[in-house]
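Only one structure is covered here, and it is reproduced in the block below.
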Amino acid sequence: MITIVDNDTARHNVLRMVQKEGCAVEVEEKEDGIYLRITRGETPQEEPAPETAKPAAGPLVLVVPSEFMGRGEHEELGQILVRGFFHTLGEVEPLPDTIIFFNSGVKLVAEGSPVVEDLKGLAERGVEILACGTCLGYYELKDKVAVGEVSNMYTIAETLLRAGKVVSL
Amino acid sequence: MEEGYAVILVYSTAHALKAEKALQRAGISCKLIPVPRHISSDCGVCVRIRRADQEEALEVLESAGVGIEGVHKV
């Protein structure tokens with residue numbers, strides 16, 4: 001079959017359509033138009049059925065990059081939300097395998113943090129809690145860690161890369 | 001002494017914060033938590049206290065001018 005079009009957009013549209021249908025196309029530009037010589041290809045294979053939602057293999061990792069949950073003009077609200085979140089985490093499933101705190105998120109594992117008790121509860125149930133050492137150092141909180149382990153970028157990077165799923169707060 | 005917790009529902013997040021501060025000042029242990037799902041589907045916060053402290057807590061909140069929407073045992 002030959003289709004003659006008179007502009008590039010039409011050429012691309014036809015090409016896309018017939019190639020999707022598995023046809024071969026030869027293009028020839030002539031004075032009176034663009035000739036698309038289309039030959040029927042083999043019957044296009046049926047697309048494989050989409051994979052059903054399966055839980056990803058590998059650990060579930062929660063990352064906490066801030067002492068607040070979300071962004072907005074009022075930090076007070078962000079703190080209410082983060083407190084609510086860690087309380088609720090103790091009541092819902094699935095539990096994350098690991099929680100990684102970095103940037104100002106590390107303040108949440110330090111003495112005086114409003115979520116230390118919730119985090120201790122999670123740690124007792126087997127949740128691994130890692131806090132970025134650089135960040136703790138930056139905030140001068142290294143000797144005030146109340147829950148979890150002081151970690152480094154190697155462990156953090158490996159944990160993220162080996163995760164089945166990463167959820168960021 | 002009655003065991004377990006009670007949650008005090010208030011009318012706004014601002015009131016919940018005010019309630020928390022008033023209770024802390026009065027030396028009553030409390031925790032700001034999301035309203036439990038079985039009480040309301042609203043995304044609100046409430047104040048959890050020990051049931052044993054309930055009477056005293058409600059007095060503190062009343063004198064602090066915090067309106068109480070309800071109290072539930074949890």
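Residue numbering restarts at 1 for every chain of the structure tokens, chains are lettered A, B, ... in their displayed order, and ligands are numbered from 1 as they appear.
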
**OP:** Using only C-alpha atoms, select each residue of chain B with any atom at most 8 Å away from an atom of chain A, and give the selection as a list in words.
**Re:** Leu32, Ile33, Pro34 and Val45 of chain B

Write the selection just made, keeping N, CA and C atoms, as a PDB file, in the first residue's frame?
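The resulting again.pdb:
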```
ATOM      1  N   LEU B  32       0.245  13.899  71.849  1.00  0.00           N
ATOM      2  CA  LEU B  32      -0.577  14.346  70.717  1.00  0.00           C
ATOM      3  C   LEU B  32      -0.572  13.230  69.676  1.00  0.00           C
ATOM      4  N   ILE B  33      -1.736  12.704  69.346  1.00  0.00           N
ATOM      5  CA  ILE B  33      -1.778  11.606  68.369  1.00  0.00           C
ATOM      6  C   ILE B  33      -2.887  11.871  67.345  1.00  0.00           C
ATOM      7  N   PRO B  34      -2.809  11.213  66.181  1.00  0.00           N
ATOM      8  CA  PRO B  34      -3.919  11.341  65.228  1.00  0.00           C
ATOM      9  C   PRO B  34      -5.184  10.737  65.858  1.00  0.00           C
ATOM     10  N   VAL B  45      -5.986  15.693  65.007  1.00  0.00           N
ATOM     11  CA  VAL B  45      -5.152  15.246  66.120  1.00  0.00           C
ATOM     12  C   VAL B  45      -5.934  15.408  67.421  1.00  0.00           C
TER      13      VAL B  45
END
```

Subject >> Exercise: stretch 10-20 of chain A partners within 8 Å, only C-alpha atoms, chain neighbours under 6 positions left out, as a PyMOL selection string >> reply: chain A and resi 34+36+38

Convert the current residue selection to file output with C-alpha atoms, as a tab-separated table (two decimals), in the first residue's frame.
```tsv
chain	number	residue	atom	x	y	z
A	34	ILE	CA	6.04	12.05	0.55
A	36	LEU	CA	5.13	5.87	2.23
A	38	ILE	CA	3.83	0.17	3.48
```

**OP:** Write out as a list in words each polymer residue whose atoms come within 9 Å of stretch 148-161 of chain A, counting only C-alpha atoms; drop sequence neighbours fewer than 4 positions from it.
**Re:**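 Selected residues are Pro59, Val61, Val63, Thr98, Ile100, Val109, Leu119, Lys120, Ala123, Glu128, Ile129, Leu130, Ala131, Cys132, Gly133, Thr134, Leu136, Lys142, Lys165 and Val166 of chain A.
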
Could you turn the residues from that selection into a file that holds C-alpha atoms, as a compact mmCIF listing (two decimals), in the first residue's frame?
```
# COMPACT_ATOMS: atom_id res chain seq x y z
CA PRO A 59 13.38 -4.80 52.27
CA VAL A 61 12.98 1.16 53.58
CA VAL A 63 13.61 7.52 54.53
CA THR A 98 14.72 -0.05 58.02
CA ILE A 100 16.95 5.98 57.57
CA VAL A 109 16.41 10.24 66.90
CA LEU A 119 10.98 4.91 67.59
CA LYS A 120 12.12 2.83 70.55
CA ALA A 123 13.20 -0.74 67.26
CA GLU A 128 16.42 -1.14 62.04
CA ILE A 129 16.94 2.57 62.68
CA LEU A 130 19.87 4.28 60.99
CA ALA A 131 20.84 7.90 61.44
CA CYS A 132 23.30 9.69 59.18
CA GLY A 133 26.50 10.37 61.11
CA THR A 134 27.47 13.40 59.05
CA LEU A 136 24.28 14.18 63.52
CA LYS A 142 26.32 12.67 67.91
CA LYS A 165 10.82 -0.39 47.99
CA VAL A 166 11.82 3.01 49.31
```

Subject >> Residue neighbourhood B:His72, 12 Å, only C-alpha atoms, exclusion window fewer than 6 positions, as a PyMOL selection string >> reply: chain B and resi 4-10+35-36+38-40+46-51+54

Would you output that residue set with N, CA and C atoms, as a PDB file, in the first residue's frame?
```pdb
ATOM      1  N   GLY B   4      -5.107   2.043  81.266  1.00  0.00           N
ATOM      2  CA  GLY B   4      -5.370   2.334  79.857  1.00  0.00           C
ATOM      3  C   GLY B   4      -5.373   3.823  79.584  1.00  0.00           C
ATOM      4  N   TYR B   5      -5.778   4.140  78.362  1.00  0.00           N
ATOM      5  CA  TYR B   5      -5.713   5.526  77.917  1.00  0.00           C
ATOM      6  C   TYR B   5      -7.090   6.076  77.560  1.00  0.00           C
ATOM      7  N   ALA B   6      -7.162   7.367  77.534  1.00  0.00           N
ATOM      8  CA  ALA B   6      -8.343   8.042  76.997  1.00  0.00           C
ATOM      9  C   ALA B   6      -7.843   9.082  76.010  1.00  0.00           C
ATOM     10  N   VAL B   7      -8.656   9.352  74.987  1.00  0.00           N
ATOM     11  CA  VAL B   7      -8.282  10.445  74.101  1.00  0.00           C
ATOM     12  C   VAL B   7      -9.287  11.574  74.243  1.00  0.00           C
ATOM     13  N   ILE B   8      -8.763  12.768  74.277  1.00  0.00           N
ATOM     14  CA  ILE B   8      -9.603  13.957  74.379  1.00  0.00           C
ATOM     15  C   ILE B   8      -9.631  14.612  73.009  1.00  0.00           C
ATOM     16  N   LEU B   9     -10.829  14.693  72.449  1.00  0.00           N
ATOM     17  CA  LEU B   9     -10.980  15.344  71.143  1.00  0.00           C
ATOM     18  C   LEU B   9     -11.279  16.820  71.350  1.00  0.00           C
ATOM     19  N   VAL B  10     -10.600  17.644  70.587  1.00  0.00           N
ATOM     20  CA  VAL B  10     -10.814  19.085  70.684  1.00  0.00           C
ATOM     21  C   VAL B  10     -11.233  19.603  69.308  1.00  0.00           C
ATOM     22  N   VAL B  35      -6.322  11.296  65.536  1.00  0.00           N
ATOM     23  CA  VAL B  35      -7.573  10.750  66.056  1.00  0.00           C
ATOM     24  C   VAL B  35      -7.710   9.305  65.571  1.00  0.00           C
ATOM     25  N   PRO B  36      -7.889   8.355  66.497  1.00  0.00           N
ATOM     26  CA  PRO B  36      -7.987   6.949  66.070  1.00  0.00           C
ATOM     27  C   PRO B  36      -9.091   6.742  65.032  1.00  0.00           C
ATOM     28  N   HIS B  38     -11.259   4.489  64.492  1.00  0.00           N
ATOM     29  CA  HIS B  38     -12.587   4.031  64.889  1.00  0.00           C
ATOM     30  C   HIS B  38     -13.405   5.153  65.530  1.00  0.00           C
ATOM     31  N   ILE B  39     -12.769   6.249  65.863  1.00  0.00           N
ATOM     32  CA  ILE B  39     -13.518   7.364  66.458  1.00  0.00           C
ATOM     33  C   ILE B  39     -13.960   8.343  65.387  1.00  0.00           C
ATOM     34  N   SER B  40     -13.058   8.655  64.465  1.00  0.00           N
ATOM     35  CA  SER B  40     -13.439   9.570  63.389  1.00  0.00           C
ATOM     36  C   SER B  40     -12.539   9.336  62.201  1.00  0.00           C
ATOM     37  N   CYS B  46      -5.594  14.578  68.378  1.00  0.00           N
ATOM     38  CA  CYS B  46      -6.237  14.651  69.680  1.00  0.00           C
ATOM     39  C   CYS B  46      -5.167  14.417  70.734  1.00  0.00           C
ATOM     40  N   VAL B  47      -5.567  14.518  71.975  1.00  0.00           N
ATOM     41  CA  VAL B  47      -4.595  14.385  73.061  1.00  0.00           C
ATOM     42  C   VAL B  47      -4.878  13.098  73.815  1.00  0.00           C
ATOM     43  N   ARG B  48      -3.874  12.256  73.894  1.00  0.00           N
ATOM     44  CA  ARG B  48      -4.054  11.007  74.637  1.00  0.00           C
ATOM     45  C   ARG B  48      -3.500  11.173  76.047  1.00  0.00           C
ATOM     46  N   ILE B  49      -4.272  10.755  77.008  1.00  0.00           N
ATOM     47  CA  ILE B  49      -3.816  10.816  78.406  1.00  0.00           C
ATOM     48  C   ILE B  49      -4.059   9.452  79.048  1.00  0.00           C
ATOM     49  N   ARG B  50      -3.517   9.282  80.236  1.00  0.00           N
ATOM     50  CA  ARG B  50      -3.841   8.064  80.985  1.00  0.00           C
ATOM     51  C   ARG B  50      -5.228   8.237  81.570  1.00  0.00           C
ATOM     52  N   ARG B  51      -5.993   7.157  81.574  1.00  0.00           N
ATOM     53  CA  ARG B  51      -7.361   7.265  82.114  1.00  0.00           C
ATOM     54  C   ARG B  51      -7.357   7.745  83.557  1.00  0.00           C
ATOM     55  N   GLN B  54      -7.682  11.414  83.872  1.00  0.00           N
ATOM     56  CA  GLN B  54      -8.732  12.054  83.080  1.00  0.00           C
ATOM     57  C   GLN B  54      -9.411  13.224  83.792  1.00  0.00           C
TER      58      GLN B  54
END
```

**OP:** Pick out each residue of chain B that DSSP on the backbone tags as alpha helix (DSSP H); I need them as a VMD selection string.
**Re:** chain B and resid 13 to 25 54 to 63

Subject >> Picked from chain B by DSSP as strand (DSSP E), as JSON, numbers by chain >> reply: {"B": [5, 6, 7, 8, 9, 10, 30, 31, 32, 33, 34, 45, 46, 47, 48, 49, 50, 68, 69, 70, 71, 72, 73]}

**OP:** For atom CA of A:Val64 and atom CA of B:Lys21, determine how far apart the two atoms are, in Å to one decimal place.
**Re:**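 Atom-to-atom, atom CA of A:Val64 to atom CA of B:Lys21, that is 26.3 Å.
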